[in-house]
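Enquirer: File name structure_18.pdb; file contents PDB, C-alpha atoms; full text below.
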ATOM      1  CA  MET A   1      -1.921 -19.990   3.375
ATOM      2  CA  THR A   2      -0.314 -21.249   0.212
ATOM      3  CA  PRO A   3       0.570 -18.856  -2.602
ATOM      4  CA  ASN A   4      -2.064 -18.432  -5.279
ATOM      5  CA  THR A   5      -1.620 -20.881  -8.097
ATOM      6  CA  THR A   6      -1.009 -19.754 -11.645
ATOM      7  CA  THR A   7      -4.599 -20.775 -12.381
ATOM      8  CA  ASP A   8      -5.877 -18.543  -9.554
ATOM      9  CA  ILE A   9      -3.751 -15.661 -10.791
ATOM     10  CA  ALA A  10      -5.035 -16.104 -14.341
ATOM     11  CA  ALA A  11      -8.631 -16.292 -13.205
ATOM     12  CA  ARG A  12      -8.386 -13.102 -11.151
ATOM     13  CA  THR A  13      -8.205 -10.901 -14.227
ATOM     14  CA  THR A  14     -10.210 -12.915 -16.730
ATOM     15  CA  ALA A  15     -13.209 -10.771 -17.560
ATOM     16  CA  ASP A  16     -16.782 -11.887 -16.992
ATOM     17  CA  THR A  17     -18.136 -12.174 -20.504
ATOM     18  CA  THR A  18     -21.636 -13.214 -19.534
ATOM     19  CA  GLY A  19     -22.845  -9.620 -19.064
ATOM     20  CA  THR A  20     -24.982 -10.655 -16.077
ATOM     21  CA  ALA A  21     -24.913  -8.925 -12.729
ATOM     22  CA  GLY A  22     -23.148 -10.774  -9.950
ATOM     23  CA  ALA A  23     -23.098 -10.333  -6.184
ATOM     24  CA  GLY A  24     -22.379  -6.744  -5.290
ATOM     25  CA  GLU A  25     -22.766  -5.327  -8.763
ATOM     26  CA  THR A  26     -25.638  -3.628 -10.494
ATOM     27  CA  ALA A  27     -26.865  -4.388 -13.978
ATOM     28  CA  ALA A  28     -25.632  -0.955 -15.112
ATOM     29  CA  VAL A  29     -22.108  -1.688 -13.913
ATOM     30  CA  ALA A  30     -22.150  -5.262 -15.194
ATOM     31  CA  GLY A  31     -23.319  -4.039 -18.591
ATOM     32  CA  ARG A  32     -20.194  -1.945 -19.148
ATOM     33  CA  SER A  33     -18.340  -2.947 -22.236
ATOM     34  CA  ARG A  34     -14.666  -3.102 -21.381
ATOM     35  CA  LEU A  35     -11.750  -5.042 -22.750
ATOM     36  CA  ASP A  36     -11.185  -8.673 -21.752
ATOM     37  CA  PHE A  37      -7.438  -8.302 -21.213
ATOM     38  CA  GLY A  38      -6.744 -12.027 -20.839
ATOM     39  CA  LYS A  39      -8.502 -12.820 -24.092
ATOM     40  CA  SER A  40      -7.333  -9.816 -26.103
ATOM     41  CA  ALA A  41      -3.690  -9.810 -24.992
ATOM     42  CA  GLY A  42      -3.224 -13.472 -24.189
ATOM     43  CA  LYS A  43       0.547 -13.577 -24.582
ATOM     44  CA  ALA A  44       1.059 -10.500 -22.383
ATOM     45  CA  PHE A  45      -1.481 -11.828 -19.879
ATOM     46  CA  ARG A  46       0.280 -15.188 -19.616
ATOM     47  CA  ALA A  47       3.650 -13.436 -19.244
ATOM     48  CA  LEU A  48       2.265 -11.332 -16.393
ATOM     49  CA  ILE A  49       0.880 -14.463 -14.723
ATOM     50  CA  GLY A  50       4.303 -16.077 -14.940
ATOM     51  CA  PHE A  51       6.023 -12.965 -13.582
ATOM     52  CA  ASP A  52       3.540 -12.803 -10.697
ATOM     53  CA  ALA A  53       4.008 -16.482  -9.837
ATOM     54  CA  ALA A  54       7.805 -16.186  -9.935
ATOM     55  CA  ALA A  55       7.707 -13.066  -7.738
ATOM     56  CA  ARG A  56       5.769 -14.899  -5.008
ATOM     57  CA  GLU A  57       8.142 -17.864  -4.787
ATOM     58  CA  GLY A  58       9.755 -18.056  -1.389
ATOM     59  CA  LEU A  59       7.955 -15.045   0.079
ATOM     60  CA  ASP A  60       5.790 -15.344   3.175
ATOM     61  CA  PRO A  61       2.205 -15.581   1.854
ATOM     62  CA  ALA A  62       0.934 -13.219   4.594
ATOM     63  CA  LEU A  63       3.521 -10.626   3.560
ATOM     64  CA  VAL A  64       2.502 -11.073  -0.081
ATOM     65  CA  GLU A  65      -1.087 -10.132   0.822
ATOM     66  CA  LEU A  66      -0.009  -7.107   2.904
ATOM     67  CA  ILE A  67       2.053  -5.802  -0.023
ATOM     68  CA  GLN A  68      -0.815  -6.332  -2.457
ATOM     69  CA  ILE A  69      -3.305  -4.683  -0.105
ATOM     70  CA  ARG A  70      -1.121  -1.596   0.423
ATOM     71  CA  ALA A  71      -0.406  -1.100  -3.275
ATOM     72  CA  SER A  72      -4.103  -1.545  -4.055
ATOM     73  CA  HIS A  73      -4.950   1.131  -1.458
ATOM     74  CA  LEU A  74      -2.506   3.558  -3.026
ATOM     75  CA  ASN A  75      -3.742   2.849  -6.549
ATOM     76  CA  HIS A  76      -7.410   3.073  -5.510
ATOM     77  CA  CYS A  77      -8.056  -0.374  -6.957
ATOM     78  CA  ALA A  78     -11.162  -1.558  -5.153
ATOM     79  CA  TYR A  79     -11.290  -4.792  -7.162
ATOM     80  CA  CYS A  80      -7.799  -5.911  -6.082
ATOM     81  CA  LEU A  81      -8.235  -4.547  -2.558
ATOM     82  CA  HIS A  82     -11.375  -6.628  -2.090
ATOM     83  CA  MET A  83      -9.680  -9.703  -3.539
ATOM     84  CA  HIS A  84      -6.544  -9.470  -1.407
ATOM     85  CA  THR A  85      -8.273  -8.590   1.855
ATOM     86  CA  SER A  86     -10.565 -11.587   1.268
ATOM     87  CA  ASP A  87      -7.547 -13.803   0.569
ATOM     88  CA  ALA A  88      -5.793 -12.510   3.691
ATOM     89  CA  ARG A  89      -8.861 -13.237   5.837
ATOM     90  CA  LYS A  90      -9.091 -16.780   4.447
ATOM     91  CA  ALA A  91      -5.432 -17.236   5.360
ATOM     92  CA  GLY A  92      -6.117 -16.202   8.946
ATOM     93  CA  GLU A  93      -5.151 -12.538   8.882
ATOM     94  CA  SER A  94      -6.837 -10.560  11.659
ATOM     95  CA  GLU A  95      -9.428  -7.888  10.972
ATOM     96  CA  GLU A  96      -7.439  -5.537  13.208
ATOM     97  CA  ARG A  97      -4.344  -5.748  11.026
ATOM     98  CA  LEU A  98      -6.328  -5.494   7.817
ATOM     99  CA  HIS A  99      -7.908  -2.281   9.064
ATOM    100  CA  MET A 100      -4.498  -0.883   9.955
ATOM    101  CA  VAL A 101      -2.658  -1.514   6.676
ATOM    102  CA  ALA A 102      -3.673   1.863   5.210
ATOM    103  CA  VAL A 103      -2.387   3.662   8.317
ATOM    104  CA  TRP A 104       0.460   1.324   9.235
ATOM    105  CA  ARG A 105       2.847   4.181  10.087
ATOM    106  CA  GLU A 106       0.457   5.322  12.830
ATOM    107  CA  ALA A 107      -0.118   1.729  13.968
ATOM    108  CA  ARG A 108       3.368   0.258  13.762
ATOM    109  CA  HIS A 109       2.789  -2.020  16.743
ATOM    110  CA  PHE A 110       0.448  -4.123  14.577
ATOM    111  CA  PHE A 111       3.287  -4.984  12.176
ATOM    112  CA  THR A 112       6.734  -6.516  12.512
ATOM    113  CA  GLU A 113       9.792  -4.500  11.552
ATOM    114  CA  LYS A 114      10.120  -6.686   8.465
ATOM    115  CA  GLU A 115       6.495  -5.987   7.457
ATOM    116  CA  GLN A 116       7.003  -2.266   8.052
ATOM    117  CA  ALA A 117      10.058  -2.276   5.779
ATOM    118  CA  ALA A 118       8.050  -4.112   3.100
ATOM    119  CA  LEU A 119       5.129  -1.681   3.391
ATOM    120  CA  ALA A 120       7.456   1.338   3.149
ATOM    121  CA  LEU A 121       9.128  -0.125   0.061
ATOM    122  CA  THR A 122       5.719  -0.906  -1.441
ATOM    123  CA  GLU A 123       4.701   2.730  -0.986
ATOM    124  CA  ALA A 124       7.939   4.086  -2.448
ATOM    125  CA  VAL A 125       7.854   1.841  -5.521
ATOM    126  CA  THR A 126       4.111   2.338  -6.071
ATOM    127  CA  LEU A 127       4.470   6.123  -5.779
ATOM    128  CA  VAL A 128       7.844   6.225  -7.546
ATOM    129  CA  ALA A 129       6.868   9.315  -9.563
ATOM    130  CA  ASP A 130       6.595  11.284  -6.306
ATOM    131  CA  GLY A 131      10.325  11.207  -5.633
ATOM    132  CA  GLY A 132      11.789   7.842  -6.453
ATOM    133  CA  VAL A 133      12.696   5.212  -3.909
ATOM    134  CA  PRO A 134      14.496   6.970  -1.046
ATOM    135  CA  ASP A 135      17.845   5.481  -0.017
ATOM    136  CA  ASP A 136      16.731   5.052   3.594
ATOM    137  CA  VAL A 137      13.599   3.114   2.582
ATOM    138  CA  TYR A 138      15.617   0.836   0.320
ATOM    139  CA  ALA A 139      18.342   0.379   2.949
ATOM    140  CA  GLU A 140      15.787  -0.623   5.603
ATOM    141  CA  ALA A 141      14.249  -3.217   3.280
ATOM    142  CA  ALA A 142      17.713  -4.490   2.312
ATOM    143  CA  ALA A 143      18.565  -4.862   6.000
ATOM    144  CA  ARG A 144      15.430  -6.957   6.658
ATOM    145  CA  PHE A 145      15.407  -9.188   3.556
ATOM    146  CA  ASP A 146      18.132 -11.161   1.824
ATOM    147  CA  GLU A 147      18.886 -10.275  -1.802
ATOM    148  CA  GLN A 148      16.636 -12.963  -3.262
ATOM    149  CA  GLU A 149      13.693 -11.985  -1.044
ATOM    150  CA  LEU A 150      14.226  -8.303  -1.816
ATOM    151  CA  ALA A 151      14.331  -8.972  -5.559
ATOM    152  CA  ARG A 152      11.166 -11.097  -5.431
ATOM    153  CA  MET A 153       9.452  -8.471  -3.283
ATOM    154  CA  LEU A 154      10.325  -5.774  -5.831
ATOM    155  CA  ALA A 155       8.958  -8.019  -8.575
ATOM    156  CA  LEU A 156       5.775  -8.568  -6.550
ATOM    157  CA  ILE A 157       5.318  -4.825  -6.057
ATOM    158  CA  CYS A 158       5.695  -4.375  -9.811
ATOM    159  CA  THR A 159       3.163  -7.115 -10.574
ATOM    160  CA  ILE A 160       0.484  -5.848  -8.178
ATOM    161  CA  ASN A 161       0.880  -2.359  -9.606
ATOM    162  CA  THR A 162       0.389  -3.818 -13.081
ATOM    163  CA  TRP A 163      -2.635  -5.898 -11.981
ATOM    164  CA  ASN A 164      -4.119  -2.764 -10.356
ATOM    165  CA  ARG A 165      -3.746  -0.847 -13.598
ATOM    166  CA  VAL A 166      -5.253  -3.668 -15.657
ATOM    167  CA  ALA A 167      -8.210  -3.953 -13.259
ATOM    168  CA  LEU A 168      -8.810  -0.198 -13.239
ATOM    169  CA  ALA A 169      -8.462   0.190 -17.003
ATOM    170  CA  THR A 170     -10.772  -2.734 -17.759
ATOM    171  CA  GLY A 171     -13.438  -1.727 -15.235
ATOM    172  CA  LYS A 172     -13.216  -4.644 -12.801
ATOM    173  CA  VAL A 173     -15.946  -4.446 -10.170
ATOM    174  CA  ALA A 174     -15.074  -4.764  -6.481
ATOM    175  CA  GLY A 175     -16.843  -7.686  -4.871
ATOM    176  CA  THR A 176     -16.582  -9.892  -7.924
ATOM    177  CA  ASP A 177     -13.848 -12.477  -8.039
ATOM    178  CA  GLU A 178     -13.520 -14.307 -11.319
ATOM    179  CA  ARG A 179     -11.281 -16.962  -9.765
ATOM    180  CA  ARG A 180     -14.390 -18.699  -8.380
TER     181      ARG A 180
END
What's the structure tokens form of this structure?
Expert:
Amino acid sequence: MTPNTTTDIAARTTADTTGTAGAGETAAVAGRSRLDFGKSAGKAFRALIGFDAAAREGLDPALVELIQIRASHLNHCAYCLHMHTSDARKAGESEERLHMVAVWREARHFFTEKEQAALALTEAVTLVADGGVPDDVYAEAAARFDEQELARMLALICTINTWNRVALATGKVAGTDERR
């Protein structure tokens, strides 16, 4: 799989302004009036797209999706969870592993040590208010990734957490993907 292009990233959060129901959504849900973040905060939106694209550079695309899936689980962002599990499937990720991401600690044998370190760091950064990023979690990630990878991974975790919050605040509907 190749990393999402800046155009794909931009399209993922551009609101549907048609007001019509799409696949998987009801007219009542589609009729919600919520902010079009990309249109209303264009400069911030474009900056976030650039940050997201820079964060992905040099990271394994499969790992990128696992990080985005886990953060989306933790943030209860169905829109982003649907998008990133779909992207992972298209890239060849197995259904077994996708089903295990939420319970990766109990299913460690599905994930490499490097992926486990990334998932643990994703959880700690996403849930930072619950106790910060523990030294042992950070140390394990630092042992598995070089400094540039670790920095980009931290940036990626920050961007998916921001995208989750934008999607939740603007009422994005799971099953719709505005990149298409």
Enquirer: Using all atoms listed in the file, find the one residue out of A:Glu115, A:Glu140, A:Asp146, A:Asp135 that sits nearest to Ile67 (chain A).
Expert: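 Nearest to Ile67 (chain A): A:Glu115.
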Enquirer: Between CA of Cys77 (chain A) and CA of Glu113 (chain A), what distance in Å does the model show, to one decimal?
Expert: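 Pair CA of Cys77 (chain A) / CA of Glu113 (chain A) returns 26.0 Å.
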Enquirer: Mind pulling up the distance from CA of Val166 (chain A) to CA of Glu57 (chain A)?
Expert: 22.3 Å
Enquirer: Using only C-alpha atoms, pick whichever of A:Ala129, A:Leu66, A:Met100, A:Ala139 has the shortest atom-to-atom distance to Cys80 (chain A).
Expert: A:Leu66
Enquirer: Pick out the residues sitting within 9 Å of region 86-97 of chain A, and hand them over as a VMD selection string; count only C-alpha atoms, and ignore anything fewer than 5 positions along from it in its own chain.
Expert: chain A and resid 1 to 2 61 to 62 65 to 66 81 104 110 to 111
Enquirer: Between A:Val103, A:Leu48, A:Ala118, A:Ala71, single out the one closest to Ile160 (chain A), counting only C-alpha atoms.
Expert: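 Ranking A:Val103, A:Leu48, A:Ala118, A:Ala71 by distance to Ile160 (chain A), first place goes to A:Ala71.
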Enquirer: Which polymer residues, protein or nucleic acid, are no farther than 7 Å from (-14.2, -10.3, -5.7), counting all atoms listed in the file, as a list in words?
Expert: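 Collected hits near the coordinates: Tyr79, His82, Met83, Ala174, Gly175, Thr176, Asp177 and Glu178 of chain A.
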Enquirer: For the file shown, what are the residues hit by the PyMOL selection byres ((chain A and resi 122) around 9), laid out as a ChimeraX atom specification?
Expert: /A:67-68,70-71,117-121,123-127,153-154,157
Enquirer: Keeping C-alpha atoms, export the residues of the selection given above as a short mmCIF file (atom, residue, chain, number, x, y, z; two decimals), keeping the file's coordinate frame.
Expert:
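Contents of selection-v4.cif, freshly written:
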data_model
loop_
_atom_site.label_atom_id
_atom_site.label_comp_id
_atom_site.auth_asym_id
_atom_site.auth_seq_id
_atom_site.Cartn_x
_atom_site.Cartn_y
_atom_site.Cartn_z
CA ILE A 67 2.05 -5.80 -0.02
CA GLN A 68 -0.82 -6.33 -2.46
CA ARG A 70 -1.12 -1.60 0.42
CA ALA A 71 -0.41 -1.10 -3.28
CA ALA A 117 10.06 -2.28 5.78
CA ALA A 118 8.05 -4.11 3.10
CA LEU A 119 5.13 -1.68 3.39
CA ALA A 120 7.46 1.34 3.15
CA LEU A 121 9.13 -0.12 0.06
CA GLU A 123 4.70 2.73 -0.99
CA ALA A 124 7.94 4.09 -2.45
CA VAL A 125 7.85 1.84 -5.52
CA THR A 126 4.11 2.34 -6.07
CA LEU A 127 4.47 6.12 -5.78
CA MET A 153 9.45 -8.47 -3.28
CA LEU A 154 10.32 -5.77 -5.83
CA ILE A 157 5.32 -4.82 -6.06
#
